[in-house]
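Everything below belongs to model.txt, which stores compact mmCIF, C-alpha atoms.
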# COMPACT_ATOMS: atom_id res chain seq x y z
CA MET A 663 -104.91 -219.69 -200.65
CA ARG A 664 -104.41 -220.43 -196.93
CA GLN A 665 -101.50 -217.99 -196.79
CA GLU A 666 -103.95 -215.15 -197.53
CA PHE A 667 -105.53 -215.38 -194.06
CA SER A 668 -104.22 -216.12 -190.58
CA LEU A 669 -105.88 -215.29 -187.26
CA ALA A 670 -102.46 -214.29 -185.92
CA LYS A 671 -102.35 -211.44 -188.45
CA PHE A 672 -106.01 -210.38 -188.17
CA ASP A 673 -105.25 -206.93 -186.74
CA GLU A 674 -102.70 -206.25 -189.50
CA TYR A 675 -104.99 -206.99 -192.44
CA ARG A 676 -106.77 -204.46 -194.62
CA GLU A 677 -109.05 -204.99 -197.60
CA ASP A 678 -107.12 -205.33 -200.85
CA ASN A 679 -107.22 -207.30 -204.08
CA ARG A 680 -107.13 -210.62 -202.15
CA ARG A 681 -109.21 -209.91 -199.01
CA GLU A 682 -112.75 -208.66 -198.39
CA VAL A 683 -114.78 -208.44 -195.16
CA LYS A 684 -118.57 -208.33 -194.76
CA LYS A 685 -120.72 -208.05 -191.62
CA ALA A 686 -123.43 -210.48 -192.75
CA ASN A 687 -125.61 -209.55 -189.76
CA GLY A 688 -128.83 -210.04 -191.70
CA GLY A 689 -127.75 -213.13 -193.60
CA LEU A 690 -125.61 -213.53 -196.70
CA PRO A 691 -125.00 -210.10 -198.27
CA ASN A 692 -125.82 -209.82 -201.99
CA SER A 693 -122.40 -208.29 -202.60
CA LEU A 694 -120.77 -211.57 -201.54
CA TRP A 695 -121.47 -213.00 -204.98
CA ASP A 696 -119.94 -210.02 -206.77
CA THR A 697 -116.77 -210.64 -204.76
CA TYR A 698 -116.86 -214.39 -205.42
CA SER A 699 -117.00 -213.67 -209.16
CA SER A 700 -114.24 -211.04 -209.04
CA PHE A 701 -111.85 -213.17 -206.98
CA ALA A 702 -112.44 -216.21 -209.19
CA ASN A 703 -111.86 -214.21 -212.37
CA CYS A 704 -108.64 -212.63 -211.05
CA TYR A 705 -106.18 -214.01 -208.49
CA GLY A 706 -108.42 -215.75 -205.95
CA GLY A 707 -108.97 -214.36 -202.46
CA VAL A 708 -110.68 -214.71 -199.10
CA ILE A 709 -114.08 -213.41 -198.04
CA ILE A 710 -114.48 -213.04 -194.27
CA LEU A 711 -118.02 -212.85 -192.89
CA GLY A 712 -118.79 -211.46 -189.46
CA VAL A 713 -116.26 -208.64 -189.72
CA LYS A 714 -116.75 -204.89 -190.18
CA GLU A 715 -114.31 -202.51 -191.85
CA GLU A 716 -113.81 -199.38 -189.74
CA LYS A 717 -113.31 -195.88 -191.20
CA ASP A 718 -109.54 -196.17 -190.79
CA GLY A 719 -109.53 -199.43 -192.75
CA SER A 720 -108.98 -201.67 -189.72
CA TRP A 721 -111.19 -204.68 -189.05
CA ARG A 722 -113.52 -205.39 -186.11
CA THR A 723 -115.41 -208.62 -185.53
CA THR A 724 -119.20 -208.37 -185.32
CA GLY A 725 -119.83 -212.10 -185.25
CA LEU A 726 -122.42 -214.32 -186.90
CA LYS A 727 -125.70 -215.02 -185.11
CA ASN A 728 -126.64 -218.26 -186.85
CA GLU A 729 -123.51 -219.70 -188.40
CA ALA A 730 -125.09 -223.08 -189.26
CA LYS A 731 -127.94 -221.50 -191.25
CA LEU A 732 -125.57 -219.07 -192.92
CA ARG A 733 -123.32 -221.93 -194.01
CA LYS A 734 -126.27 -223.90 -195.41
CA ASP A 735 -127.59 -220.83 -197.26
CA PHE A 736 -124.13 -220.29 -198.73
CA TRP A 737 -123.83 -223.82 -200.09
CA ASP A 738 -127.42 -223.83 -201.36
CA THR A 739 -126.80 -220.58 -203.24
CA ILE A 740 -123.37 -221.32 -204.68
CA ASN A 741 -124.69 -224.62 -206.06
CA ASN A 742 -127.68 -222.91 -207.67
CA PRO A 743 -126.76 -222.38 -211.37
CA LYS A 744 -129.32 -219.59 -211.60
CA LYS A 745 -127.23 -217.62 -209.10
CA VAL A 746 -123.66 -218.78 -209.79
CA ASN A 747 -122.64 -220.41 -213.05
CA LEU A 748 -119.92 -222.56 -211.46
CA ASN A 749 -119.05 -223.59 -207.90
CA LEU A 750 -115.26 -223.72 -207.53
CA LEU A 751 -115.29 -224.53 -203.81
CA THR A 752 -115.09 -227.71 -201.74
CA ASP A 753 -116.05 -228.20 -198.09
CA ASP A 754 -112.47 -227.43 -197.04
CA ASP A 755 -112.72 -223.94 -198.55
CA VAL A 756 -115.14 -222.67 -195.88
CA GLU A 757 -113.92 -222.48 -192.28
CA THR A 758 -115.17 -220.85 -189.07
CA TYR A 759 -113.11 -219.38 -186.25
CA LEU A 760 -113.65 -217.70 -182.88
CA TYR A 761 -111.95 -214.33 -182.57
CA GLY A 762 -112.09 -211.10 -180.60
CA PRO A 763 -112.72 -210.32 -176.92
CA ASN A 764 -116.18 -211.88 -177.13
CA ASP A 765 -115.12 -214.96 -179.12
CA ASP A 766 -117.17 -213.82 -182.11
CA ILE A 767 -117.78 -216.41 -184.81
CA ILE A 768 -116.36 -215.48 -188.20
CA MET A 769 -116.57 -217.45 -191.44
CA VAL A 770 -113.68 -217.48 -193.90
CA ILE A 771 -114.40 -218.42 -197.52
CA TYR A 772 -111.34 -219.24 -199.62
CA VAL A 773 -112.06 -218.53 -203.29
CA PRO A 774 -109.56 -220.04 -205.74
CA MET A 775 -108.63 -218.47 -209.05
CA ALA A 776 -110.67 -220.10 -211.81
CA LYS A 777 -108.80 -221.97 -214.50
CA ARG A 778 -108.62 -220.40 -217.93
CA GLU A 779 -111.15 -222.85 -219.32
CA GLN A 780 -113.60 -222.09 -216.45
CA LYS A 781 -113.71 -218.31 -216.90
CA PRO A 782 -115.74 -216.21 -216.82
CA ILE A 783 -117.34 -216.91 -213.45
CA TYR A 784 -120.57 -214.92 -213.39
CA ILE A 785 -123.76 -214.52 -211.34
CA ASN A 786 -127.50 -214.12 -211.83
CA ASN A 787 -127.46 -216.17 -215.04
CA ASP A 788 -126.18 -213.09 -216.90
CA ILE A 789 -122.72 -213.46 -218.40
CA PHE A 790 -122.32 -209.84 -219.57
CA ASN A 791 -123.82 -208.05 -216.57
CA GLY A 792 -122.86 -210.58 -213.89
CA THR A 793 -119.13 -210.95 -214.50
CA PHE A 794 -116.83 -209.08 -212.11
CA ARG A 795 -113.11 -208.60 -211.59
CA ARG A 796 -111.08 -207.25 -208.67
CA ASN A 797 -109.13 -204.01 -208.66
CA TYR A 798 -107.45 -203.16 -205.35
CA GLU A 799 -110.32 -203.41 -202.80
CA GLY A 800 -113.27 -203.07 -205.17
CA ASP A 801 -115.39 -205.38 -207.34
CA TYR A 802 -116.09 -203.97 -210.79
CA HIS A 803 -118.27 -205.12 -213.66
CA CYS A 804 -116.29 -206.53 -216.56
CA THR A 805 -116.87 -204.89 -219.91
CA ARG A 806 -118.27 -206.90 -222.81
CA LEU A 807 -114.80 -206.91 -224.34
CA GLN A 808 -113.28 -208.35 -221.17
CA VAL A 809 -115.93 -211.07 -221.03
CA LYS A 810 -115.39 -211.92 -224.69
CA ALA A 811 -111.64 -212.09 -224.08
CA MET A 812 -112.19 -214.67 -221.31
CA LEU A 813 -114.43 -216.71 -223.59
CA ARG A 814 -111.84 -216.58 -226.33
CA ASP A 815 -109.09 -217.61 -223.93
CA GLN A 816 -111.04 -220.74 -222.97
CA THR A 817 -109.95 -222.38 -226.19
CA GLU A 818 -106.80 -220.46 -227.10
CA ARG A 819 -103.55 -221.59 -225.54
CA THR A 820 -100.40 -220.28 -227.12
CA MET A 821 -96.85 -221.52 -226.54
CA ASP A 822 -95.91 -218.48 -224.49
CA MET A 823 -98.57 -219.41 -221.89
CA GLU A 824 -96.75 -222.64 -220.99
CA ILE A 825 -95.90 -222.75 -217.27
CA LEU A 826 -92.29 -223.73 -216.51
CA ASP A 827 -93.07 -225.92 -213.49
CA LYS A 828 -89.43 -226.68 -212.67
CA VAL A 829 -88.31 -223.04 -212.61
CA SER A 830 -88.60 -220.86 -209.51
CA ILE A 831 -90.05 -217.39 -209.87
CA GLU A 832 -86.90 -216.18 -208.11
CA ASP A 833 -84.80 -217.34 -211.08
CA LEU A 834 -86.00 -214.40 -213.18
CA ASN A 835 -83.81 -211.32 -213.47
CA TYR A 836 -85.35 -208.75 -211.14
CA ASP A 837 -83.24 -205.85 -212.41
CA THR A 838 -84.90 -206.39 -215.79
CA ILE A 839 -88.33 -206.73 -214.16
CA HIS A 840 -87.93 -203.49 -212.24
CA GLY A 841 -86.72 -201.70 -215.37
CA TYR A 842 -89.83 -202.90 -217.19
CA ARG A 843 -92.03 -201.79 -214.28
CA ASN A 844 -90.45 -198.33 -214.34
CA SER A 845 -91.18 -198.03 -218.06
CA HIS A 846 -94.77 -199.19 -217.47
CA ARG A 847 -95.15 -196.67 -214.65
CA THR A 848 -93.91 -193.85 -216.89
CA LEU A 849 -96.23 -194.75 -219.76
CA LYS A 850 -99.30 -195.46 -217.61
CA GLU A 851 -99.00 -193.40 -214.45
CA GLY A 852 -101.46 -194.43 -211.75
CA HIS A 853 -102.18 -197.83 -213.28
CA PRO A 854 -103.63 -200.28 -210.66
CA PHE A 855 -100.73 -202.69 -211.30
CA GLU A 856 -98.38 -200.18 -209.62
CA ARG A 857 -99.72 -201.30 -206.23
CA LEU A 858 -98.92 -204.96 -206.81
CA GLY A 859 -95.82 -206.71 -205.51
CA ASP A 860 -93.48 -208.24 -208.07
CA PRO A 861 -95.02 -211.77 -208.00
CA GLU A 862 -98.59 -210.53 -208.53
CA TYR A 863 -97.42 -208.03 -211.13
CA LEU A 864 -95.74 -210.81 -213.12
CA ARG A 865 -98.90 -212.88 -212.82
CA SER A 866 -101.07 -209.99 -213.98
CA ILE A 867 -99.08 -209.43 -217.18
CA GLY A 868 -98.85 -213.14 -218.01
CA ALA A 869 -95.18 -213.55 -217.12
CA ALA A 870 -95.99 -215.97 -214.30
CA ALA A 871 -98.82 -218.36 -213.45
CA VAL A 872 -99.82 -220.85 -210.78
CA SER A 873 -98.92 -224.42 -211.68
CA GLU A 874 -101.51 -227.15 -211.29
CA GLU A 875 -98.64 -229.46 -210.41
CA ASP A 876 -97.64 -227.87 -207.10
CA GLY A 877 -99.95 -224.86 -206.68
CA GLN A 878 -96.97 -222.48 -206.69
CA LEU A 879 -96.18 -219.49 -208.88
CA HIS A 880 -93.74 -220.19 -211.71
CA PRO A 881 -92.58 -218.24 -214.77
CA THR A 882 -94.41 -218.75 -218.03
CA ALA A 883 -92.51 -219.18 -221.28
CA ALA A 884 -93.27 -215.53 -222.03
CA GLY A 885 -91.92 -214.49 -218.62
CA MET A 886 -88.73 -216.45 -219.15
CA LEU A 887 -88.15 -214.94 -222.59
CA MET A 888 -88.83 -211.42 -221.30
CA PHE A 889 -87.15 -211.51 -217.89
CA GLY A 890 -84.96 -214.61 -217.75
CA ASN A 891 -81.19 -214.71 -217.60
CA GLU A 892 -79.62 -215.73 -220.89
CA TYR A 893 -78.28 -219.04 -219.57
CA ASP A 894 -81.75 -219.98 -218.30
CA ILE A 895 -83.44 -218.97 -221.54
CA VAL A 896 -81.19 -221.15 -223.73
CA ARG A 897 -81.70 -224.07 -221.36
CA HIS A 898 -85.43 -224.03 -222.11
CA PHE A 899 -85.29 -222.61 -225.63
CA PRO A 900 -82.09 -223.94 -227.30
CA GLU A 901 -82.89 -222.09 -230.54
CA TYR A 902 -83.23 -218.75 -228.74
CA PHE A 903 -80.34 -217.14 -230.62

Represent the structure contained in this file as structure tokens.
Amino acid sequence: MRQEFSLAKFDEYREDNRREVKKANGGLPNSLWDTYSSFANCYGGVIILGVKEEKDGSWRTTGLKNEAKLRKDFWDTINNPKKVNLNLLTDDDVETYLYGPNDDIIMVIYVPMAKREQKPIYINNDIFNGTFRRNYEGDYHCTRLQVKAMLRDQTERTMDMEILDKVSIEDLNYDTIHGYRNSHRTLKEGHPFERLGDPEYLRSIGAAAVSEEDGQLHPTAAGMLMFGNEYDIVRHFPEYF
């Protein structure tokens, strides 16, 4: 997750499906928890407090007046099961920095993607109305069907979901991937996945996943069978033919 935020790139960032800024001038904003749920249920992301989004999409620091109290309130709330059903964070996932001409204090919260067996992550003790997911730069309520799918996936693990930890995502055949993406784009014009880069697209369709072994993105069995080169496929699936 640390690659999703760097002070050196602050002026280049915009809100997207992995980054969200909030002023937090009056304390923790209620919308923070919607974003926590949506990041956890999707790809993970960073929430930056003490920053305002300008009309042109750029960011400007506003600073935090009482960072110590804000931090305590955050930990008290995220560990309250009546507010958040599961805390995925450790102390190392919340950091503060000084930035801007006035050395404003900002707080960066790194939210990991929840494991399959941990989803859905929901708020307000309401699984059907408190479960969110991220699309581009917005947090949206999950439908009942989406929530039920997450619950079902807690216990279902099929062979095609296996992560090939020893295979690099770069070993897939990108001509085939781009051909598939073009077909997807033709069939579902304007689909949110069009905005994703290849790695996140593969992750979104189940062709790649983050390995618990090294924290890196690797092809799944399904991704290898769909987009792998023949010699790689038979190496992992000798009975492929």

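If you count only C-alpha atoms and ignore residues fewer than 6 places along the chain from Tyr784 (chain A), what sits within 10 Å of it is Trp695, Asp696, Tyr698, Ser699, Ser700, Ala702, Asn703, Pro743, Lys745, Val746, Asn747, Leu748, Phe790, Asn791, Gly792, Thr793, Phe794, Arg795, Cys804 and Val809 of chain A.
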
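Nearest-residue note for Asn692 (chain A): choosing from A:Asp765, A:Phe736, A:Asp788, A:Gly885, the minimum distance belongs to A:Phe736, counting only C-alpha atoms.
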
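Nearest residue to Glu892 (chain A) among A:Glu875, A:Asp755, A:Glu824, A:Asp833 is A:Asp833, counting all atoms listed in the file.
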
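Using only C-alpha atoms, the shortest contact distance between Ile831 (chain A) and any of A:Tyr705, A:Tyr893, A:Tyr798, A:Tyr863 is found at A:Tyr863.
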
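If you look at CA of Glu757 (chain A) and CA of Glu729 (chain A), they are 10.7 Å away from each other.
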
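One finds CA of Asp678 (chain A) at 12.5 Å from CA of Phe855 (chain A).
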
Find the smallest box with edges along x, y and z containing every listed atom of region 723-740 of chain A, then add 3 Å on each side and report centre and edge lengths in Å to one decimal, as JSON.
{"center_x": -121.7, "center_y": -216.1, "center_z": -194.9, "size_x": 18.5, "size_y": 21.5, "size_z": 25.6}

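Reported to one decimal place, the separation of CA of His840 (chain A) from CA of Phe899 (chain A) is 23.5 Å.
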
From the list A:Lys714, A:His880, A:Lys734, A:His898, the nearest residue to Glu832 (chain A) using all atoms listed in the file is A:His880

Would you kindly return, as a ChimeraX atom specification, each protein, DNA or RNA residue with an atom no farther than 12 Å from any atom of Asp860 (chain A), considering all atoms listed in the file and excluding same-chain residues fewer than 5 positions away? /A:831-832,834-843,855,865-867,869-870,879

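Using only C-alpha atoms, the smallest distance between any of A:Lys727, A:Arg897, A:Arg733, A:Arg681 and Ile710 (chain A) comes from A:Arg681.
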
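For Gly719 (chain A), the non-local neighbours within 8 Å, defined as residues at least 4 positions apart in the same chain or in other chains and counting all atoms listed in the file, are Arg676, Glu677 and Glu715 of chain A.
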
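Here the question is which of A:Pro900, A:Gly706, A:Pro691, A:Pro881 gets nearest to Asp827 (chain A) using all atoms listed in the file, and that residue is A:Pro881.
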
Incomplete region 672-701 of chain A brought to N, CA and C atoms, written out as a short mmCIF file (atom, residue, chain, number, x, y, z; two decimals), keeping the file's coordinate frame:
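Contents of result_33.cif, as written:
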data_model
loop_
_atom_site.label_atom_id
_atom_site.label_comp_id
_atom_site.auth_asym_id
_atom_site.auth_seq_id
_atom_site.Cartn_x
_atom_site.Cartn_y
_atom_site.Cartn_z
N PHE A 672 -104.71 -211.02 -187.97
CA PHE A 672 -106.01 -210.38 -188.17
C PHE A 672 -105.94 -208.87 -188.04
N ASP A 673 -105.28 -208.38 -186.99
CA ASP A 673 -105.25 -206.93 -186.74
C ASP A 673 -104.37 -206.17 -187.74
N GLU A 674 -103.57 -206.90 -188.52
CA GLU A 674 -102.70 -206.25 -189.50
C GLU A 674 -103.38 -206.12 -190.86
N TYR A 675 -104.39 -206.93 -191.11
CA TYR A 675 -104.99 -206.99 -192.44
C TYR A 675 -105.80 -205.74 -192.77
N ARG A 676 -105.88 -205.46 -194.06
CA ARG A 676 -106.77 -204.46 -194.62
C ARG A 676 -107.36 -205.05 -195.90
N GLU A 677 -108.49 -204.52 -196.34
CA GLU A 677 -109.05 -204.99 -197.60
C GLU A 677 -108.11 -204.64 -198.74
N ASP A 678 -107.96 -205.56 -199.69
CA ASP A 678 -107.12 -205.33 -200.85
C ASP A 678 -107.62 -206.23 -201.98
N ASN A 679 -106.75 -206.52 -202.93
CA ASN A 679 -107.22 -207.30 -204.08
C ASN A 679 -107.34 -208.80 -203.77
N ARG A 680 -107.02 -209.20 -202.53
CA ARG A 680 -107.13 -210.62 -202.15
C ARG A 680 -107.98 -210.84 -200.91
N ARG A 681 -108.45 -209.76 -200.25
CA ARG A 681 -109.21 -209.91 -199.01
C ARG A 681 -110.39 -208.95 -198.98
N GLU A 682 -111.53 -209.46 -198.49
CA GLU A 682 -112.75 -208.66 -198.39
C GLU A 682 -113.50 -209.09 -197.14
N VAL A 683 -114.00 -208.12 -196.35
CA VAL A 683 -114.78 -208.44 -195.16
C VAL A 683 -116.21 -207.95 -195.33
N LYS A 684 -117.15 -208.69 -194.69
CA LYS A 684 -118.57 -208.33 -194.76
C LYS A 684 -119.19 -208.69 -193.41
N LYS A 685 -120.10 -207.82 -192.93
CA LYS A 685 -120.72 -208.05 -191.62
C LYS A 685 -121.65 -209.26 -191.63
N ALA A 686 -122.49 -209.36 -192.61
CA ALA A 686 -123.43 -210.48 -192.75
C ALA A 686 -124.34 -210.62 -191.54
N ASN A 687 -124.73 -209.49 -190.93
CA ASN A 687 -125.61 -209.55 -189.76
C ASN A 687 -127.01 -210.03 -190.11
N GLY A 688 -127.47 -209.67 -191.30
CA GLY A 688 -128.83 -210.04 -191.70
C GLY A 688 -128.86 -211.21 -192.66
N GLY A 689 -127.83 -212.03 -192.66
CA GLY A 689 -127.75 -213.13 -193.60
C GLY A 689 -126.67 -212.86 -194.64
N LEU A 690 -126.63 -213.69 -195.66
CA LEU A 690 -125.61 -213.53 -196.70
C LEU A 690 -125.84 -212.22 -197.46
N PRO A 691 -124.84 -211.35 -197.51
CA PRO A 691 -125.00 -210.10 -198.27
C PRO A 691 -124.98 -210.37 -199.77
N ASN A 692 -125.79 -209.63 -200.53
CA ASN A 692 -125.82 -209.82 -201.99
C ASN A 692 -124.46 -209.57 -202.61
N SER A 693 -123.69 -208.65 -202.02
CA SER A 693 -122.40 -208.29 -202.60
C SER A 693 -121.38 -209.43 -202.48
N LEU A 694 -121.67 -210.43 -201.66
CA LEU A 694 -120.77 -211.57 -201.54
C LEU A 694 -120.52 -212.22 -202.89
N TRP A 695 -121.58 -212.29 -203.70
CA TRP A 695 -121.47 -213.00 -204.98
C TRP A 695 -120.70 -212.19 -206.01
N ASP A 696 -120.79 -210.86 -205.92
CA ASP A 696 -119.94 -210.02 -206.77
C ASP A 696 -118.47 -210.31 -206.47
N THR A 697 -118.15 -210.41 -205.17
CA THR A 697 -116.77 -210.64 -204.76
C THR A 697 -116.31 -212.04 -205.13
N TYR A 698 -117.19 -213.02 -205.00
CA TYR A 698 -116.86 -214.39 -205.42
C TYR A 698 -116.47 -214.39 -206.89
N SER A 699 -117.28 -213.74 -207.73
CA SER A 699 -117.00 -213.67 -209.16
C SER A 699 -115.68 -212.96 -209.42
N SER A 700 -115.45 -211.83 -208.76
CA SER A 700 -114.24 -211.04 -209.04
C SER A 700 -112.98 -211.76 -208.60
N PHE A 701 -113.01 -212.41 -207.42
CA PHE A 701 -111.85 -213.17 -206.98
C PHE A 701 -111.56 -214.32 -207.93
#
